[in-house]
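Visitor: Handing over work.txt, compact mmCIF, C-alpha atoms and all ligand atoms.
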```txt
# COMPACT_ATOMS: atom_id res chain seq x y z
CA MET S 10 101.40 81.41 43.44
CA GLN S 11 99.52 81.91 46.74
CA PRO S 12 96.12 83.58 46.39
CA GLN S 13 96.26 87.11 47.80
CA THR S 14 93.77 88.57 50.26
CA HIS S 15 91.96 91.79 49.45
CA ALA S 16 94.13 93.63 51.99
CA GLN S 17 97.34 92.32 50.38
CA THR S 18 96.16 93.37 46.93
CA ALA S 19 95.19 96.83 48.21
CA SER S 20 98.53 97.21 49.98
CA ARG S 21 100.40 96.13 46.85
CA SER S 22 98.52 98.62 44.68
CA SER S 23 99.17 101.46 47.18
CA GLN S 24 102.88 100.57 47.08
CA ILE S 25 102.85 100.80 43.28
CA THR S 26 100.95 104.11 43.38
CA GLY S 27 103.41 105.37 45.99
CA ALA S 28 106.32 104.44 43.76
CA GLN S 29 105.06 107.01 41.23
CA LEU S 30 106.42 109.64 43.60
CA VAL S 31 109.94 108.79 42.56
CA ARG S 32 111.60 109.03 39.17
CA ARG S 33 111.07 106.13 36.79
CA GLU S 34 114.66 104.86 37.14
CA TYR S 35 114.16 104.31 40.89
CA ARG S 36 110.65 102.79 40.81
CA ARG S 37 111.64 99.16 40.48
CA TYR S 38 113.65 99.42 43.70
CA LEU S 39 110.44 100.39 45.49
CA THR S 40 108.21 97.76 43.95
CA GLU S 41 110.37 94.66 43.41
CA PRO S 42 112.70 92.65 45.63
CA ILE S 43 116.16 94.25 45.64
CA ASP S 44 119.17 92.28 44.49
CA PRO S 45 122.09 93.41 46.72
CA ARG S 46 124.42 92.78 43.75
CA ASP S 47 122.58 95.37 41.65
CA PRO S 48 125.39 97.72 40.45
CA ARG S 49 123.70 100.93 41.58
CA ILE S 50 122.85 99.52 45.01
CA ALA S 51 126.46 98.32 45.32
CA ALA S 52 127.76 101.77 44.31
CA TRP S 53 125.63 103.55 46.94
CA ARG S 54 126.68 101.00 49.56
CA ASP S 55 130.35 101.49 48.64
CA ALA S 56 130.00 105.29 48.78
CA LEU S 57 128.57 104.97 52.30
CA ALA S 58 131.36 102.64 53.34
CA THR S 59 134.21 104.73 51.94
CA ASP S 60 132.91 108.28 52.18
CA GLY S 61 130.09 108.00 54.73
CA CYS S 62 127.79 109.61 52.18
CA ALA S 63 125.62 108.43 49.30
CA VAL S 64 123.34 110.59 47.19
CA LEU S 65 120.50 109.22 45.08
CA ARG S 66 120.35 112.10 42.64
CA GLU S 67 116.99 113.47 41.47
CA PHE S 68 115.14 110.85 43.46
CA LEU S 69 111.71 112.48 43.42
CA ASP S 70 109.59 112.69 40.32
CA PRO S 71 109.44 116.39 39.22
CA ASP S 72 105.69 116.72 39.93
CA ALA S 73 106.09 115.12 43.34
CA LEU S 74 109.04 117.42 44.07
CA ALA S 75 107.00 120.52 43.18
CA ARG S 76 104.25 119.25 45.48
CA ALA S 77 106.71 118.42 48.28
CA GLU S 78 108.24 121.88 48.11
CA ARG S 79 104.82 123.55 48.32
CA GLU S 80 103.61 121.24 51.06
CA CYS S 81 106.67 121.65 53.27
CA ALA S 82 106.60 125.43 52.79
CA SER S 83 102.93 125.45 53.88
CA ILE S 84 103.79 123.95 57.29
CA ALA S 85 107.21 125.57 57.88
CA HIS S 86 105.61 128.06 60.28
CA LEU S 87 104.68 125.12 62.54
CA ALA S 88 108.34 124.43 63.33
CA TYR S 89 109.33 124.61 66.97
CA ALA S 90 112.43 126.81 66.97
CA ASN S 91 115.08 127.41 69.58
CA GLU S 92 118.64 128.60 69.76
CA ARG S 93 121.52 127.41 71.84
CA TYR S 94 125.30 127.37 71.92
CA THR S 95 126.97 124.02 71.45
CA ASN S 96 130.35 122.49 70.73
CA CYS S 97 130.76 119.79 68.06
CA TYR S 98 130.31 117.01 70.64
CA ASP S 99 127.24 118.63 72.24
CA THR S 100 128.88 118.47 75.65
CA HIS S 101 129.66 120.93 78.45
CA ASP S 102 132.68 123.21 78.37
CA ASP S 103 135.87 122.09 80.10
CA PRO S 104 137.90 125.16 81.19
CA SER S 105 140.87 122.92 82.08
CA LEU S 106 141.54 122.42 78.35
CA PRO S 107 143.37 124.85 76.03
CA ASP S 108 141.21 127.57 74.45
CA ASP S 109 141.45 126.05 70.98
CA HIS S 110 140.40 122.53 71.99
CA PRO S 111 137.18 121.55 70.11
CA ILE S 112 135.37 121.03 73.44
CA ARG S 113 135.90 124.75 74.09
CA LEU S 114 134.67 125.96 70.70
CA PHE S 115 131.00 126.88 71.08
CA MET S 116 128.86 127.79 68.09
CA LYS S 117 125.31 129.13 67.79
CA ARG S 118 122.91 126.46 66.65
CA THR S 119 119.35 127.20 65.56
CA GLN S 120 116.99 124.27 65.65
CA ALA S 121 113.56 124.33 64.06
CA PHE S 122 111.67 121.12 63.38
CA VAL S 123 108.12 120.50 62.23
CA ALA S 124 107.04 117.30 64.00
CA ARG S 125 105.49 114.30 62.26
CA ASP S 126 102.08 114.84 63.84
CA ARG S 127 101.97 118.27 62.15
CA ILE S 128 102.67 116.78 58.71
CA PRO S 129 99.45 115.68 56.95
CA GLU S 130 99.40 112.02 55.90
CA SER S 131 98.54 113.03 52.34
CA PHE S 132 101.83 114.94 51.92
CA VAL S 133 104.40 113.48 49.51
CA ILE S 134 107.04 113.11 52.23
CA HIS S 135 104.62 111.32 54.55
CA GLU S 136 103.48 108.94 51.80
CA LEU S 137 107.11 108.21 50.97
CA TYR S 138 108.02 107.57 54.60
CA LYS S 139 105.28 104.95 54.93
CA LEU S 140 106.24 103.03 51.78
CA ASP S 141 107.68 99.58 52.48
CA GLY S 142 109.68 99.83 49.26
CA PHE S 143 111.31 103.10 50.28
CA ARG S 144 112.41 101.55 53.55
CA ALA S 145 113.66 98.45 51.74
CA LEU S 146 115.75 100.59 49.37
CA ILE S 147 117.37 102.47 52.26
CA ALA S 148 118.07 99.20 54.09
CA ALA S 149 119.72 97.79 50.94
CA CYS S 150 121.96 100.86 50.58
CA LEU S 151 122.95 100.53 54.24
CA GLY S 152 123.58 96.80 53.85
CA GLU S 153 120.94 96.04 56.51
CA GLU S 154 118.46 93.16 56.35
CA HIS S 155 115.63 95.27 57.84
CA ILE S 156 115.11 98.72 59.19
CA TYR S 157 111.94 99.85 60.93
CA GLU S 158 109.89 103.02 61.14
CA TYR S 159 110.88 105.03 64.17
CA ASP S 160 107.81 104.78 66.42
CA ASP S 161 108.10 108.33 67.70
CA PRO S 162 104.97 110.38 66.85
CA PHE S 163 107.05 113.59 66.63
CA GLY S 164 110.54 112.57 65.56
CA ALA S 165 109.97 109.84 62.96
CA LEU S 166 109.50 112.32 60.16
CA VAL S 167 110.40 115.99 60.48
CA VAL S 168 110.95 119.05 58.35
CA ASN S 169 114.00 121.03 59.37
CA VAL S 170 113.65 124.74 58.66
CA LEU S 171 116.75 126.94 58.43
CA GLU S 172 115.77 130.58 58.12
CA PRO S 173 118.05 133.13 56.41
CA GLY S 174 121.00 133.95 58.66
CA THR S 175 120.81 130.67 60.58
CA THR S 176 123.21 127.75 60.40
CA HIS S 177 123.65 124.20 61.57
CA PRO S 178 127.25 124.41 62.86
CA TRP S 179 129.97 121.74 62.92
CA HIS S 180 128.90 118.59 64.75
CA TYR S 181 128.83 114.80 64.76
CA ASP S 182 125.62 112.78 64.71
CA ALA S 183 124.73 110.54 67.61
CA THR S 184 122.82 108.25 65.26
CA GLU S 185 124.39 105.72 62.97
CA PHE S 186 122.81 107.11 59.80
CA VAL S 187 120.58 109.95 58.63
CA VAL S 188 118.28 109.91 55.61
CA SER S 189 117.35 113.35 54.36
CA MET S 190 116.05 115.28 51.39
CA MET S 191 116.07 119.00 50.76
CA THR S 192 112.79 120.30 49.37
CA ARG S 193 113.70 123.99 49.21
CA GLN S 194 117.09 125.43 48.45
CA PRO S 195 117.99 128.91 49.68
CA ASP S 196 119.23 131.66 47.34
CA GLY S 197 122.73 131.24 48.71
CA GLY S 198 124.65 129.40 51.43
CA GLY S 199 122.99 126.47 53.20
CA ILE S 200 125.67 124.16 51.79
CA PHE S 201 126.36 120.78 53.32
CA GLU S 202 130.06 120.41 54.22
CA TYR S 203 131.71 117.36 55.74
CA CYS S 204 135.10 115.95 56.66
CA PRO S 205 134.97 112.20 55.87
CA GLY S 206 136.33 110.09 58.73
CA ILE S 207 138.13 112.99 60.45
CA ARG S 208 137.81 111.07 63.72
CA SER S 209 137.72 107.35 64.36
CA GLU S 210 137.01 104.97 67.21
CA GLY S 211 139.69 105.82 69.77
CA ASN S 212 141.13 108.84 67.92
CA GLU S 213 139.36 112.20 68.22
CA ASN S 214 142.03 113.92 66.09
CA GLU S 215 141.34 117.12 68.05
CA HIS S 216 144.04 119.21 66.42
CA ALA S 217 142.67 118.74 62.88
CA VAL S 218 139.08 119.13 64.11
CA SER S 219 139.92 122.38 65.88
CA ARG S 220 141.57 123.77 62.72
CA VAL S 221 138.47 123.01 60.65
CA ILE S 222 136.09 124.55 63.20
CA ARG S 223 138.25 127.68 63.57
CA GLY S 224 138.37 128.07 59.78
CA VAL S 225 142.16 127.69 59.69
CA ASP S 226 142.16 124.64 57.43
CA ARG S 227 139.61 123.80 54.73
CA GLN S 228 141.65 120.99 53.21
CA PRO S 229 139.74 118.11 54.92
CA ILE S 230 136.37 119.61 53.92
CA LYS S 231 134.19 118.28 51.11
CA GLN S 232 131.22 120.24 49.84
CA LEU S 233 128.17 118.43 48.60
CA ASP S 234 126.23 119.92 45.73
CA LEU S 235 122.78 118.94 46.99
CA ARG S 236 119.66 119.83 45.02
CA PRO S 237 116.01 119.65 46.06
CA GLY S 238 114.73 116.12 45.48
CA ASP S 239 118.13 114.42 45.96
CA LEU S 240 118.00 111.72 48.63
CA GLN S 241 121.01 111.80 50.93
CA LEU S 242 122.19 108.95 53.13
CA PHE S 243 124.84 110.03 55.58
CA LYS S 244 126.84 108.41 58.36
CA GLY S 245 127.85 111.26 60.62
CA ARG S 246 129.35 109.67 63.72
CA PHE S 247 132.93 110.04 62.55
CA SER S 248 132.57 112.72 59.89
CA LEU S 249 132.38 116.25 61.24
CA HIS S 250 129.74 118.13 59.23
CA ARG S 251 127.70 121.32 59.05
CA VAL S 252 125.29 123.37 56.97
CA THR S 253 126.77 126.79 56.15
CA PRO S 254 124.72 129.93 56.99
CA VAL S 255 121.64 130.41 54.82
CA GLU S 256 121.82 133.57 52.69
CA GLY S 257 119.18 135.53 50.79
CA SER S 258 115.48 135.64 51.55
CA ASN S 259 114.46 131.96 51.17
CA SER S 260 114.58 129.40 53.96
CA ARG S 261 116.21 125.99 53.53
CA HIS S 262 113.79 123.12 54.07
CA THR S 263 115.05 119.58 54.63
CA VAL S 264 113.05 116.48 55.41
CA ILE S 265 114.59 113.93 57.79
CA PHE S 266 113.27 110.37 57.58
CA SER S 267 114.19 108.46 60.75
CA TYR S 268 114.47 104.70 61.05
CA ALA S 269 115.55 102.27 63.73
CA LYS S 270 117.24 98.89 63.67
CA THR S 271 114.67 97.47 66.06
CA PRO S 272 110.89 97.99 66.07
CA GLY S 273 109.05 100.04 68.69
CA MET S 274 111.74 102.65 69.36
CA VAL S 275 110.55 105.96 70.83
CA GLY S 276 112.46 109.00 72.11
CA LYS S 277 112.39 110.08 75.73
CA SER S 278 110.51 113.10 77.07
CA LYS S 279 113.60 115.28 77.64
CA ARG S 280 114.50 114.93 73.98
CA ALA S 281 110.91 115.56 72.79
CA LYS S 282 110.77 118.69 74.95
CA THR S 283 114.08 120.00 73.56
CA LEU S 284 113.31 119.30 69.91
CA PHE S 285 109.57 119.92 69.76
CA GLY S 286 108.71 121.90 72.89
CA ARG S 287 106.17 119.30 74.04
CA VAL S 288 105.89 115.74 75.27
CA ALA S 289 103.44 112.89 74.48
CA ASP S 290 102.45 109.96 76.70
CA VAL S 291 104.64 107.57 74.68
CA HIS S 292 107.70 109.67 75.54
CA ARG S 293 106.88 109.51 79.26
CA GLU S 294 106.46 105.76 78.95
CA ALA S 295 109.86 105.55 77.20
CA ASP S 296 111.50 107.37 80.13
CA GLY S 297 111.30 104.19 82.19
CA LYS S 298 113.03 102.09 79.53
CA ALA S 299 116.74 101.46 79.18
CA HIS S 300 117.42 102.62 75.62
CA ASP S 301 118.19 106.21 74.77
CA ASP S 302 117.74 106.97 71.10
CA GLU S 303 119.22 109.99 69.47
CA LEU S 304 117.58 109.64 66.14
CA ILE S 305 117.58 113.20 64.97
CA ASP S 306 120.62 115.32 64.71
FE FE S 401 124.15 115.94 61.50
```
Could you rewrite the structure in this file as structure tokens?

Guide:
Amino acid sequence: MQPQTHAQTASRSSQITGAQLVRREYRRYLTEPIDPRDPRIAAWRDALATDGCAVLREFLDPDALARAERECASIAHLAYANERYTNCYDTHDDPSLPDDHPIRLFMKRTQAFVARDRIPESFVIHELYKLDGFRALIAACLGEEHIYEYDDPFGALVVNVLEPGTTHPWHYDATEFVVSMMTRQPDGGGIFEYCPGIRSEGNENEHAVSRVIRGVDRQPIKQLDLRPGDLQLFKGRFSLHRVTPVEGSNSRHTVIFSYAKTPGMVGKSKRAKTLFGRVADVHREADGKAHDDELID
């Protein structure tokens, strides 16, 4: 065995300490090399391939979950909130189309995100985000060799706050995958609903999509019974999805962990301004570059 440097030993011990944040049954995935043939890894990978959705149930250790709930609630007021009307494609209206075409169906969307630079590094969700083992586990579930931290100082890690009465209406994600975890469940509503593979490359299936959005047909819809502390991996490019209106007096808090397939990815200033109401130098620098990430949805 190669002798380890002090830094390597310290890093290894912080990884092991970090792994205590998750339930015992998940810890080895965060601390040891992952065998892609491991039956649970294979099951999550299959669920993502067939259903576009995998849930690692009760992922957080109960103490860490209680802490995460408290911590996220303590910064929820720092969310930058705005409201707009959008269709499921997030495009402009096209009056030349029939009234019931999905492009013409606009819904009120409330966005409220607490940016990464407002989330203390000591918080459970921030510690988790920085763990190499956590990233390795997500990569294994996605069937990827490596994924990287999103380099965006605002968007890499966010807390999404849905206040009572607000909703995240039907939409598709622009990103390939989303990793999220609810830390606070509302009294009612706030349910994640999705239509697996309702559209595909080259087939928008507008008629079926319109019927779902207009509430005429619930047959394609699956509801996910998500609980605080469950880790959800979701591929939302082809699966229309939404969060139903939040009811009662509690807000719904969800953490979104963003990753990229290449290192050094940063959002552009227009996106930072829309999502967070402000822009950093790195976003202005990214404006001159070719890529256009859409890592939060
Ligand atoms: Fe989404």

Visitor: Which protein, DNA or RNA residues have an atom within 7 Å of ligand FE 401 (chain S), counting only C-alpha atoms and all ligand atoms, as a PyMOL selection string?

Guide: chain S and resi 180-182+245+250-251+306

Visitor: What are the centre and the three edge lengths of an axis-aligned box that wraps all atoms of range 30-45 of chain S in the file, given that 5 Å is added to every side, written as AutoDock Vina command-line options and rounded to one decimal in Å?

Guide:
```
--center_x 114.3 --center_y 101.0 --center_z 41.8 --size_x 25.7 --size_y 27.4 --size_z 19.9
```

Visitor: Check the smallest atom-to-atom distance from each of S:Asp44, S:Glu172, S:Asp70, S:Asp234 to Pro195 in chain S using only C-alpha atoms, then report the winner.

Guide: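 Counting only C-alpha atoms, the residue closest to Pro195 in chain S is S:Glu172.
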
Visitor: Grab the CA of Leu87 in chain S to CA of Ser267 in chain S distance for me, in Å with one decimal place.

Guide: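 One can read the CA of Leu87 in chain S to CA of Ser267 in chain S distance as 19.3 Å.
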
Visitor: If you measure from CA of His155 in chain S to CA of Ala51 in chain S, what distance in Å do you get, rounded to one decimal?

Guide: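 Going from CA of His155 in chain S over to CA of Ala51 in chain S, I get 16.8 Å.
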
Visitor: Could you list, as a ChimeraX atom specification, every residue within 9 Å of Asp60 in chain S, counting all atoms listed in the file and ignoring same-chain residues fewer than 2 positions away?

Guide: /S:55-58,62-63,205-206,243-244,248

Visitor: Just give me the residues with any atom within 10 Å of (108.2, 122.8, 67.6), file coordinates, counting only C-alpha atoms, written as a list in words.

Guide: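 So the residues meeting the distance criterion are His86, Leu87, Ala88, Tyr89, Ala90, Asn91, Gln120, Ala121, Phe122, Val123, Ala124, Arg127, Phe163, Ala281, Lys282, Thr283, Leu284, Phe285, Gly286 and Arg287 of chain S.
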
Visitor: I need the residue nearest Thr192 in chain S from this list: S:Gly211, S:Pro42, S:Gly238, S:Pro229. Use only C-alpha atoms for the distance.

Guide: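 Under the stated criterion, the closest residue is S:Gly238.
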
Visitor: Have a look at CA of Gly273 in chain S and CA of Arg246 in chain S and let me know their distance in Å, one decimal.

Guide: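 CA of Arg246 in chain S lies at a distance of 23.0 Å from CA of Gly273 in chain S.
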
Visitor: I want to know what sits within 8 Å of His177 in chain S, based on all atoms listed in the file, with residues of the same chain fewer than 3 positions away left out; could you give that as a PyMOL selection string?

Guide: chain S and resi 118-120+251-254

Visitor: Go through S:Leu74, S:Met190, S:Val170, S:Leu114 and flag the residue nearest Gly224 in chain S, using only C-alpha atoms for the distances.

Guide: S:Leu114

Visitor: From the list S:Pro129, S:Leu140, S:Phe266, S:Val64, which residue is nearest Ser22 in chain S when using all atoms listed in the file?

Guide: S:Leu140

Visitor: Need to verify the contact set: Phe143 in chain S, 7 Å, only C-alpha atoms, exclusion of same-chain residues closer than 4 positions in sequence. Can you return it as an mmCIF file with C-alpha atoms, in the coordinates of the input?

Guide:
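Result saved to result.cif:
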```
data_model
loop_
_atom_site.group_PDB
_atom_site.id
_atom_site.type_symbol
_atom_site.label_atom_id
_atom_site.label_comp_id
_atom_site.auth_asym_id
_atom_site.auth_seq_id
_atom_site.Cartn_x
_atom_site.Cartn_y
_atom_site.Cartn_z
ATOM 1 C CA LEU S 39 110.440 100.390 45.490
ATOM 2 C CA LEU S 137 107.110 108.210 50.970
ATOM 3 C CA ILE S 147 117.370 102.470 52.260
#
```

Visitor: Just the residues within 9 Å of Phe132 in chain S, please, counting all atoms listed in the file, with nothing from its chain fewer than 2 positions along; format it as a PyMOL selection string.

Guide: chain S and resi 76-77+80-81+128-130+134-137

Visitor: With all atoms listed in the file as the atoms that count, which of S:Asp103, S:Asp296, S:Glu213, S:Asp239 lies nearest to Arg66 in chain S?

Guide: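 Closest candidate: S:Asp239.
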
Visitor: What residues have an atom no more than 12 Å from (111.0, 105.6, 72.9) in the file's own frame, counting only C-alpha atoms, and can you write them as a PyMOL selection string?

Guide: chain S and resi 159-165+269+271-281+288-304

Visitor: Taking C-alpha atoms for each residue, export the selection above as a PDB file, in the coordinates of the input.

Guide:
```
ATOM      1  CA  TYR S 159     110.880 105.030  64.170  1.00  0.00           C
ATOM      2  CA  ASP S 160     107.810 104.780  66.420  1.00  0.00           C
ATOM      3  CA  ASP S 161     108.100 108.330  67.700  1.00  0.00           C
ATOM      4  CA  PRO S 162     104.970 110.380  66.850  1.00  0.00           C
ATOM      5  CA  PHE S 163     107.050 113.590  66.630  1.00  0.00           C
ATOM      6  CA  GLY S 164     110.540 112.570  65.560  1.00  0.00           C
ATOM      7  CA  ALA S 165     109.970 109.840  62.960  1.00  0.00           C
ATOM      8  CA  ALA S 269     115.550 102.270  63.730  1.00  0.00           C
ATOM      9  CA  THR S 271     114.670  97.470  66.060  1.00  0.00           C
ATOM     10  CA  PRO S 272     110.890  97.990  66.070  1.00  0.00           C
ATOM     11  CA  GLY S 273     109.050 100.040  68.690  1.00  0.00           C
ATOM     12  CA  MET S 274     111.740 102.650  69.360  1.00  0.00           C
ATOM     13  CA  VAL S 275     110.550 105.960  70.830  1.00  0.00           C
ATOM     14  CA  GLY S 276     112.460 109.000  72.110  1.00  0.00           C
ATOM     15  CA  LYS S 277     112.390 110.080  75.730  1.00  0.00           C
ATOM     16  CA  SER S 278     110.510 113.100  77.070  1.00  0.00           C
ATOM     17  CA  LYS S 279     113.600 115.280  77.640  1.00  0.00           C
ATOM     18  CA  ARG S 280     114.500 114.930  73.980  1.00  0.00           C
ATOM     19  CA  ALA S 281     110.910 115.560  72.790  1.00  0.00           C
ATOM     20  CA  VAL S 288     105.890 115.740  75.270  1.00  0.00           C
ATOM     21  CA  ALA S 289     103.440 112.890  74.480  1.00  0.00           C
ATOM     22  CA  ASP S 290     102.450 109.960  76.700  1.00  0.00           C
ATOM     23  CA  VAL S 291     104.640 107.570  74.680  1.00  0.00           C
ATOM     24  CA  HIS S 292     107.700 109.670  75.540  1.00  0.00           C
ATOM     25  CA  ARG S 293     106.880 109.510  79.260  1.00  0.00           C
ATOM     26  CA  GLU S 294     106.460 105.760  78.950  1.00  0.00           C
ATOM     27  CA  ALA S 295     109.860 105.550  77.200  1.00  0.00           C
ATOM     28  CA  ASP S 296     111.500 107.370  80.130  1.00  0.00           C
ATOM     29  CA  GLY S 297     111.300 104.190  82.190  1.00  0.00           C
ATOM     30  CA  LYS S 298     113.030 102.090  79.530  1.00  0.00           C
ATOM     31  CA  ALA S 299     116.740 101.460  79.180  1.00  0.00           C
ATOM     32  CA  HIS S 300     117.420 102.620  75.620  1.00  0.00           C
ATOM     33  CA  ASP S 301     118.190 106.210  74.770  1.00  0.00           C
ATOM     34  CA  ASP S 302     117.740 106.970  71.100  1.00  0.00           C
ATOM     35  CA  GLU S 303     119.220 109.990  69.470  1.00  0.00           C
ATOM     36  CA  LEU S 304     117.580 109.640  66.140  1.00  0.00           C
TER      37      LEU S 304
END
```

Visitor: For Val221 in chain S, list every protein, DNA or RNA residue within 10 Å, evaluated using all atoms listed in the file, and leave out those in the same chain fewer than 5 positions away; present the list as a list in words.

Guide: Pro111, Trp179, Cys204, Glu215, His216, Asp226, Arg227, Gln228, Pro229, Ile230 and Leu249 of chain S

Visitor: Have a look at S:Leu30, S:Ala145, S:Ala82, S:Ser209 and name the one nearest to Pro45 in chain S; count only C-alpha atoms.

Guide: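 Closest residue, counting only C-alpha atoms: S:Ala145.
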
Visitor: Can you take the partial range 106-132 of chain S, add N, CA and C atoms, and return it as a CSV table (one decimal), in the frame of the given file?

Guide:
```csv
chain,number,residue,atom,x,y,z
S,106,LEU,N,140.9,122.7,79.7
S,106,LEU,CA,141.5,122.4,78.4
S,106,LEU,C,142.0,123.7,77.7
S,107,PRO,N,142.9,123.6,76.7
S,107,PRO,CA,143.4,124.8,76.0
S,107,PRO,C,142.2,125.5,75.3
S,108,ASP,N,142.3,126.8,75.1
S,108,ASP,CA,141.2,127.6,74.4
S,108,ASP,C,140.8,127.1,73.1
S,109,ASP,N,141.8,126.5,72.3
S,109,ASP,CA,141.4,126.0,71.0
S,109,ASP,C,141.1,124.6,70.9
S,110,HIS,N,140.9,123.9,72.0
S,110,HIS,CA,140.4,122.5,72.0
S,110,HIS,C,138.9,122.5,71.5
S,111,PRO,N,138.6,121.5,70.6
S,111,PRO,CA,137.2,121.6,70.1
S,111,PRO,C,136.1,121.6,71.2
S,112,ILE,N,136.4,121.0,72.3
S,112,ILE,CA,135.4,121.0,73.4
S,112,ILE,C,135.1,122.5,73.9
S,113,ARG,N,136.0,123.4,73.6
S,113,ARG,CA,135.9,124.8,74.1
S,113,ARG,C,135.4,125.7,73.0
S,114,LEU,N,135.1,125.1,71.8
S,114,LEU,CA,134.7,126.0,70.7
S,114,LEU,C,133.1,125.9,70.6
S,115,PHE,N,132.5,126.9,71.1
S,115,PHE,CA,131.0,126.9,71.1
S,115,PHE,C,130.5,127.7,69.9
S,116,MET,N,129.4,127.2,69.3
S,116,MET,CA,128.9,127.8,68.1
S,116,MET,C,127.3,127.9,68.3
S,117,LYS,N,126.8,128.9,67.7
S,117,LYS,CA,125.3,129.1,67.8
S,117,LYS,C,124.6,128.2,66.9
S,118,ARG,N,123.6,127.4,67.4
S,118,ARG,CA,122.9,126.5,66.6
S,118,ARG,C,121.4,126.8,66.7
S,119,THR,N,120.8,127.0,65.6
S,119,THR,CA,119.4,127.2,65.6
S,119,THR,C,118.7,125.9,65.2
S,120,GLN,N,117.7,125.5,66.0
S,120,GLN,CA,117.0,124.3,65.6
S,120,GLN,C,115.6,124.6,65.4
S,121,ALA,N,115.0,124.1,64.3
S,121,ALA,CA,113.6,124.3,64.1
S,121,ALA,C,113.0,123.1,63.3
S,122,PHE,N,112.2,122.3,64.0
S,122,PHE,CA,111.7,121.1,63.4
S,122,PHE,C,110.1,121.1,63.4
S,123,VAL,N,109.6,120.8,62.3
S,123,VAL,CA,108.1,120.5,62.2
S,123,VAL,C,108.0,119.0,62.5
S,124,ALA,N,107.2,118.7,63.6
S,124,ALA,CA,107.0,117.3,64.0
S,124,ALA,C,106.1,116.5,63.1
S,125,ARG,N,106.3,115.2,63.1
S,125,ARG,CA,105.5,114.3,62.3
S,125,ARG,C,104.0,114.5,62.4
S,126,ASP,N,103.5,114.7,63.7
S,126,ASP,CA,102.1,114.8,63.8
S,126,ASP,C,101.5,116.2,63.3
S,127,ARG,N,102.4,117.0,62.8
S,127,ARG,CA,102.0,118.3,62.2
S,127,ARG,C,102.1,118.2,60.6
S,128,ILE,N,102.5,117.0,60.2
S,128,ILE,CA,102.7,116.8,58.7
S,128,ILE,C,101.5,115.9,58.2
S,129,PRO,N,100.6,116.5,57.4
S,129,PRO,CA,99.4,115.7,57.0
S,129,PRO,C,99.9,114.4,56.3
S,130,GLU,N,99.1,113.3,56.5
S,130,GLU,CA,99.4,112.0,55.9
S,130,GLU,C,99.4,112.0,54.4
S,131,SER,N,98.7,113.0,53.8
S,131,SER,CA,98.5,113.0,52.3
S,131,SER,C,99.8,113.7,51.7
S,132,PHE,N,100.7,114.3,52.5
S,132,PHE,CA,101.8,114.9,51.9
S,132,PHE,C,102.8,113.9,51.3
```
